[in-house]
Each structure stands twice: as C-alpha cells, then as structure tokens.
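Asks: Pasting a structure here, questions to come.
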Amino acid sequence: MFTGIIEELGVVEKFEKSKAPSVLVIKAEKILEGLKKGDSVSVNGVCLTVVDVGRNRFLVETIEETLEKTNLKDIRQGEKVNLEGALKTGGKISGHFVTGHVDGVGTLIKKEKQKEEILVEVKAEQEILNGIVHKGSIAVDGVSLTVAESKPNSFSVYIIPYTAKVTTLGFKGIGEEVNLEIDILGKFVKKFLNQNKPSKITEEFLREKGLI
C-alpha cells in the first residue's frame, strides 16, 4: 500500500527484458534507506518487489503481464521514474490510499500552464473514466492527484510547480503514456452499484429464448 506521495526520482540503469521475469535496475538514494529484499516499491505507480539492494541501486522483477498493462514496457535506460516506498504502519497519509495495481494506461493529450499551476489532460479508457469522479482522487504514474474535470473520453488534473519538479509529470510531453489507478474507494462503490443493478435475465427473456 502506498500514498501517492513520490519520495524521489530514480534513474533506470538497466532493463534486462531477455530474462523471465525481466529485471529492472534503478539508481536511487533516499528510498534506499532501510530498503531490503522482499519490500514493495512503487515504480511509476506500479507495485514491484525488491529482489536485491546495492549501494546506490536496487533491483526489481517484472512479469510479462505487468509490462503489457503499464508504461514500464517502454522504459529505457537513463529514463527517470517516480519512486515511493511502501506505507509504514502509523505513517502519515498525505495523499490517498494507492495499491500499486494499475488499472490501465492513459495518454497525455494536453499540458497547459495556468498561472502557477499546470493543467494536464489525460485520455483514458471508458472503464477507467467510469471510476473517476469530480474532485475525487486518482494516481497518475503513482502521483496522488485530484480530478479537476471529467469528460467523455478524458479527465484533467492540476499539478503545482513542486509536483512538476519532483515527478515525471513535470517533463512528460503530449502523446506519452502514464499509468492510471483509480481510487480504491471508487472501485468498491462501483462494484456495489453493479451488484445491485436489476438482472436482464427475466422470465419473459427466458421464454423468448425457449429456455422455459
């Protein structure tokens, strides 16, 4: 479990895709304090397990399904990534509860500076948009943000200069992909509402199909 408050920008040192699972080596500093094998780390919002820790780097493994469903599939050597360590018991929650289980990938379609803030618009699949509410929370590349506007095919968030400086959202451009995770509370509400929808299978339907 994470909070969506990025601790630092790490740098991809190596990505060995030829192995199964693939091995991702990330250079870092702050997040290494107390980090050990078996710990969970959020990399661009994706929860991964640490398999080794070095002096100024750590290693995580990624399976094929994770690569297919996130922007980690296109990660390159030298690229910066958002890093956050797992939430510690009793720790301060400044963002919102983020599981690190990405729901899908969105595409940046607009990035506009407005006064001291930057408006970021992201195109996303309908399944994700259905779980987004105005002023609700969403994790974009692991960054906890508040939804400013929701449209039929996209949603918008605002990022402050500090967030732009310390996360990937500051330098990612139009057309680039971001990992998206909708608020876990929204998922529970969505599931509850779906469970209480009236069934389309009625006695009349079954008679029409010749089943009764």
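Following the order of the structure tokens, first chain is A, next is B, and so on, with residues numbered from 1 inside each chain and ligands from 1 in the order they appear.
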List the neighbours of region 163-165 of chain A out to 9 Å using only C-alpha atoms; skip same-chain residues closer than 4 positions along the sequence, and give me the result as an mmCIF file with N, CA and C atoms, in the first residue's frame.

Replies:
data_model
loop_
_atom_site.group_PDB
_atom_site.id
_atom_site.type_symbol
_atom_site.label_atom_id
_atom_site.label_comp_id
_atom_site.auth_asym_id
_atom_site.auth_seq_id
_atom_site.Cartn_x
_atom_site.Cartn_y
_atom_site.Cartn_z
ATOM 1 N N ILE A 6 5.365 10.953 -3.979
ATOM 2 C CA ILE A 6 6.635 10.467 -4.521
ATOM 3 C C ILE A 6 7.803 10.898 -3.637
ATOM 4 N N ILE A 118 -0.229 23.790 -13.520
ATOM 5 C CA ILE A 118 -0.174 23.203 -14.858
ATOM 6 C C ILE A 118 -1.373 22.279 -15.023
ATOM 7 N N VAL A 143 1.439 9.258 -8.806
ATOM 8 C CA VAL A 143 1.291 10.537 -8.120
ATOM 9 C C VAL A 143 -0.167 10.753 -7.723
ATOM 10 N N ILE A 159 -1.370 20.212 -11.518
ATOM 11 C CA ILE A 159 -0.181 19.923 -10.726
ATOM 12 C C ILE A 159 0.520 21.236 -10.395
ATOM 13 N N LEU A 169 5.742 13.890 -14.128
ATOM 14 C CA LEU A 169 4.702 14.696 -14.768
ATOM 15 C C LEU A 169 5.223 16.066 -15.192
ATOM 16 N N GLY A 170 6.356 16.466 -14.635
ATOM 17 C CA GLY A 170 6.918 17.756 -14.997
ATOM 18 C C GLY A 170 7.550 17.783 -16.374
ATOM 19 N N PHE A 171 8.070 16.636 -16.829
ATOM 20 C CA PHE A 171 8.764 16.622 -18.119
ATOM 21 C C PHE A 171 8.120 15.724 -19.175
#

Asks: List every residue of region 31-151 of chain A that DSSP, applied to the backbone of this structure, places in helix (DSSP H, G or I), and write the result as a VMD selection string.

Replies: chain A and resid 31 to 32 64 to 69 71 to 74 126 to 129

Asks: If you count only C-alpha atoms, which residues fall within 12 Å of region 119-129 of chain A, apart from same-chain ones fewer than 3 positions away, as JSON, numbers by chain?

Replies: {"A": [102, 103, 104, 105, 106, 107, 108, 109, 110, 111, 112, 113, 114, 115, 116, 132, 133, 134, 136, 138, 139, 140, 141, 145, 146, 147, 148, 149, 150, 151, 152, 153, 154, 155, 156, 157, 158, 159, 160, 161, 164, 169, 170, 171, 172, 173, 174, 175, 176, 177, 178, 179, 180, 181, 182, 183, 184, 186, 187, 190]}

Asks: Take the residues that were just selected and, keeping C-alpha atoms, output them as a PDB file, in the first residue's frame.

Replies:
ATOM      1  CA  VAL A 102      -2.506  -0.166 -12.191  1.00  0.00           C
ATOM      2  CA  ASP A 103      -5.952  -0.129 -13.829  1.00  0.00           C
ATOM      3  CA  GLY A 104      -4.720   0.964 -17.231  1.00  0.00           C
ATOM      4  CA  VAL A 105      -2.583   3.319 -19.267  1.00  0.00           C
ATOM      5  CA  GLY A 106      -3.630   6.817 -20.316  1.00  0.00           C
ATOM      6  CA  THR A 107      -2.146   9.247 -22.840  1.00  0.00           C
ATOM      7  CA  LEU A 108      -1.275  12.891 -22.219  1.00  0.00           C
ATOM      8  CA  ILE A 109      -3.258  14.991 -24.699  1.00  0.00           C
ATOM      9  CA  LYS A 110      -2.892  18.438 -23.143  1.00  0.00           C
ATOM     10  CA  LYS A 111      -0.421  20.208 -20.877  1.00  0.00           C
ATOM     11  CA  GLU A 112      -1.018  23.892 -20.269  1.00  0.00           C
ATOM     12  CA  LYS A 113       0.432  26.291 -17.716  1.00  0.00           C
ATOM     13  CA  GLN A 114      -2.251  28.336 -15.971  1.00  0.00           C
ATOM     14  CA  LYS A 115      -0.896  30.943 -13.557  1.00  0.00           C
ATOM     15  CA  GLU A 116       1.128  28.932 -11.032  1.00  0.00           C
ATOM     16  CA  ILE A 132     -13.490   8.735 -11.790  1.00  0.00           C
ATOM     17  CA  VAL A 133     -15.473  11.450 -10.040  1.00  0.00           C
ATOM     18  CA  HIS A 134     -15.018  15.206  -9.946  1.00  0.00           C
ATOM     19  CA  GLY A 136     -12.013  12.547  -6.412  1.00  0.00           C
ATOM     20  CA  ILE A 138      -6.515   9.317  -8.915  1.00  0.00           C
ATOM     21  CA  ALA A 139      -2.921   8.125  -9.153  1.00  0.00           C
ATOM     22  CA  VAL A 140      -1.121   9.203 -12.340  1.00  0.00           C
ATOM     23  CA  ASP A 141       2.262   7.474 -12.687  1.00  0.00           C
ATOM     24  CA  LEU A 145      -3.834  13.937  -7.683  1.00  0.00           C
ATOM     25  CA  THR A 146      -7.327  15.406  -7.526  1.00  0.00           C
ATOM     26  CA  VAL A 147      -9.594  15.179 -10.563  1.00  0.00           C
ATOM     27  CA  ALA A 148     -10.386  18.703 -11.773  1.00  0.00           C
ATOM     28  CA  GLU A 149     -12.699  17.712 -14.631  1.00  0.00           C
ATOM     29  CA  SER A 150     -14.067  14.559 -16.203  1.00  0.00           C
ATOM     30  CA  LYS A 151     -15.031  14.409 -19.883  1.00  0.00           C
ATOM     31  CA  PRO A 152     -16.479  11.605 -22.049  1.00  0.00           C
ATOM     32  CA  ASN A 153     -13.006  10.495 -23.221  1.00  0.00           C
ATOM     33  CA  SER A 154     -10.588  12.125 -20.797  1.00  0.00           C
ATOM     34  CA  PHE A 155     -10.026  13.733 -17.424  1.00  0.00           C
ATOM     35  CA  SER A 156      -7.958  16.662 -16.174  1.00  0.00           C
ATOM     36  CA  VAL A 157      -5.807  17.301 -13.124  1.00  0.00           C
ATOM     37  CA  TYR A 158      -3.764  20.258 -11.910  1.00  0.00           C
ATOM     38  CA  ILE A 159      -0.181  19.923 -10.726  1.00  0.00           C
ATOM     39  CA  ILE A 160       1.703  22.533  -8.740  1.00  0.00           C
ATOM     40  CA  PRO A 161       5.283  23.584  -9.622  1.00  0.00           C
ATOM     41  CA  ALA A 164       6.210  19.119 -11.662  1.00  0.00           C
ATOM     42  CA  LEU A 169       4.702  14.696 -14.768  1.00  0.00           C
ATOM     43  CA  GLY A 170       6.918  17.756 -14.997  1.00  0.00           C
ATOM     44  CA  PHE A 171       8.764  16.622 -18.119  1.00  0.00           C
ATOM     45  CA  LYS A 172       6.456  14.142 -19.820  1.00  0.00           C
ATOM     46  CA  GLY A 173       5.059  15.527 -23.065  1.00  0.00           C
ATOM     47  CA  ILE A 174       1.971  15.206 -25.250  1.00  0.00           C
ATOM     48  CA  GLY A 175       1.478  11.682 -26.559  1.00  0.00           C
ATOM     49  CA  GLU A 176       3.376   9.992 -23.741  1.00  0.00           C
ATOM     50  CA  GLU A 177       1.751   7.315 -21.617  1.00  0.00           C
ATOM     51  CA  VAL A 178       1.044   7.377 -17.887  1.00  0.00           C
ATOM     52  CA  ASN A 179      -0.079   4.626 -15.528  1.00  0.00           C
ATOM     53  CA  LEU A 180      -3.512   5.157 -14.002  1.00  0.00           C
ATOM     54  CA  GLU A 181      -5.062   3.797 -10.818  1.00  0.00           C
ATOM     55  CA  ILE A 182      -8.482   4.975  -9.739  1.00  0.00           C
ATOM     56  CA  ASP A 183      -9.278   5.462  -6.066  1.00  0.00           C
ATOM     57  CA  ILE A 184      -9.871   2.137  -4.328  1.00  0.00           C
ATOM     58  CA  GLY A 186     -14.395   4.344  -6.052  1.00  0.00           C
ATOM     59  CA  LYS A 187     -13.801   0.723  -7.043  1.00  0.00           C
ATOM     60  CA  LYS A 190     -18.651   0.873  -8.460  1.00  0.00           C
TER      61      LYS A 190
END

Asks: Tell me, as a PyMOL selection string, which residues lie within 8 Å of Ser22 (chain A), counting only C-alpha atoms; anything in the same chain fewer than 4 positions away does not count.

Replies: chain A and resi 15-18+61-64

Asks: Can you list, as a list of chain:residue names, every protein, DNA or RNA residue that comes within 9 Å of Val43 (chain A) when you count only C-alpha atoms, leaving out same-chain residues fewer than 5 positions away?

Replies: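 These residues fall inside the cut-off: A:Gly10, A:Leu48, A:Leu72, A:Val81, A:Asn82, A:Leu83, A:Glu84, A:Gly100, A:Asp141, A:Gly142.
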